[in-house]
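Asker: Sharing a structure below in structure tokens format, with a few things to ask.
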Amino acid sequence: MDRLSKAKSERLVNLLIMMLSARGYVTKRQIRSTIEGYRHQADGAFERMFERDKEDLRAAGVPIATGSNDPDLDVEDGYRIERSDFELPPVTFTPEELAVLGAAASVWQDSVAAQQTVDALETLRAAGADPDPERLLTLLPRIPAEPGFDAAREALLEGREIHFEYKGQLRRVQPWRLSQRRGRWYLLGHDLDRSAPRNFKLSRFTSDVVAVGPAGAYAVPSAEEVAAHVRFEGAGEGAFAVVALRDGVGGDVRRSAQPTSWDAPLPEGFSAWRIESIRPDILAADICELGPDAICLAPPELRTAVIRQLRDVAERWGA
């Protein structure tokens, strides 16, 4: 059943991509000859499978339009998905919802689904189709993941032990948590050979991650206990700033910041926050983007850089 479900899922994804990326209507003949799941079916089996797949996509909210690329023909012998009909209408989110979406987004680019999309496009091109990747922006994953991330995440969800080489040494670990800091992923787990919790930076893995043993082989400690063991490499490195933010604004900067004290007076409606980043230039750019809603207070060299950037913008674009 799992194999059948996987085959159907791949077929539906390929069908969705083909109709969404098509510059015009694609005929049933083109679909049958292009998509692997249809190609070797008998006529009757293909017709039934294709009709079921269209109904499944429509039931999932995918608007499949029928028509013809020849305006002189009355026969609607082709299919496509209008991107404007497929995309979500404008939506709004609360700050808390945006924070959750941002965290979820930081898990996915170059991960499993991204590779499946790339494979599907290559399959369509190899079969003679002409997909337009620009029409697939609504399906495009956008976030990089470290090597071994997918295998470690799957093992974590299944409660399975993993083996991998770390700095050239074999490690046997029961994964507890995957965390991201400054664009890098870290794995926390119980190191079986050392009988203690250990943190591992995924970029330092020197082999593939291999899951071993049955699912549910161990229990993950409570969230509080796990959080107490999370450590990040170079936690004291990078750049920091103390910034006065206008109350109620600040977006991503505020969500990644910590409230702090500031001895000098602040403008009315502002409070002090400490923010961190990998490099000072990134911090300066983030602060400048907030315009009058942010005031860089410290350190002095960063404040000077922010003032310089703002003056440069004023000179180039000011009236």
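Chain labels A, B, ... are given in the sequence in which chains occur in the structure tokens; within each chain residues are numbered consecutively from 1, and ligands are likewise numbered from 1 in the order shown.
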Quick one: everything within 12 Å of Leu290 of chain A, counting only C-alpha atoms, minus sequence neighbours fewer than 5 positions away in the same chain. Send it as a list in words.
Answerer: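 Using only C-alpha atoms, the neighbours found are Val243, Ala244, Leu245, Arg246, Val249, Gly250, Gly251, Asp252, Val253, Arg254, Leu283, Ala284, Ala285, Ile295, Cys296, Val306 and Leu310 of chain A.
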Asker: Neighbouring residues of Tyr186 of chain A were defined as those with any atom within 6 Å, considering only C-alpha atoms; residues of the same chain fewer than 5 positions away were excluded. Please report them as a tab-separated table (two decimals) with N, CA and C atoms, in the first residue's frame.
Answerer:
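Listed below is the output, result_28.tsv:
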```tsv
chain	number	residue	atom	x	y	z
A	178	LEU	N	16.11	19.00	16.72
A	178	LEU	CA	16.85	19.73	15.71
A	178	LEU	C	16.60	21.22	15.92
A	179	SER	N	17.66	22.02	15.99
A	179	SER	CA	17.52	23.46	16.24
A	179	SER	C	18.37	24.22	15.23
A	200	PHE	N	25.40	18.26	18.10
A	200	PHE	CA	26.19	18.05	16.90
A	200	PHE	C	25.79	19.09	15.85
A	201	LYS	N	26.79	19.72	15.25
A	201	LYS	CA	26.56	20.66	14.16
A	201	LYS	C	26.47	19.88	12.85
A	202	LEU	N	25.35	19.96	12.15
A	202	LEU	CA	25.13	19.12	10.98
A	202	LEU	C	26.17	19.33	9.90
```
Asker: Nearest to Phe46 of chain A among A:Arg184, A:His163, A:Arg32, A:Arg153, with distances taken over only C-alpha atoms: which residue is it?
Answerer: A:Arg32
Asker: So, with only C-alpha atoms as the atoms that count, which of A:Asp193, A:Leu170, A:Leu12, A:Trp176 lies closest to Thr206 of chain A?
Answerer: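 Between A:Asp193, A:Leu170, A:Leu12, A:Trp176, the residue approaching Thr206 of chain A most closely is A:Leu170.
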Asker: Enter the distance from atom CA of Ile35 of chain A to atom CA of Ala65 of chain A, in Å, rounded to one decimal.
Answerer: 18.8 Å
Asker: Could you give me the residues within segment 126-306 of chain A that DSSP places in helix (DSSP H, G or I), as a VMD selection string?
Answerer: chain A and resid 126 133 to 139 149 to 158 202 to 204 223 to 229 251 to 255 280 to 289 291 to 293 300 to 306
Asker: Taking 6 positions as the minimum chain separation for residues in the same chain, which residues sit within 12 Å of Arg39 of chain A when counting only C-alpha atoms? Answer as an MDAnalysis selection string.
Answerer: chainID A and resid 11 28:33 45:47 49:50 127
Asker: Please provide as a PyMOL selection string all residues within 9 Å of Arg171 of chain A, with the sequence filter that same-chain residues fewer than 6 positions apart are discarded (counting only C-alpha atoms).
Answerer: chain A and resi 162-165+191-193
Asker: Which one is closest to Ser271 of chain A: A:Asp247, A:Asp293, A:Asp77, A:Gly44? Count only C-alpha atoms.
Answerer: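 Checking each candidate against Ser271 of chain A, we get A:Asp247 as the closest.
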Asker: State, in Å with one decimal place, the distance from atom CA of Thr34 of chain A to atom CA of Lys54 of chain A.
Answerer: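 Here the two named atoms are 16.0 Å from each other.
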Asker: Rounded to one decimal in Å, what is the spacing between atom CA of Pro259 of chain A and atom CA of Asn199 of chain A?
Answerer: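 We find that atom CA of Pro259 of chain A and atom CA of Asn199 of chain A lie 27.4 Å from each other.
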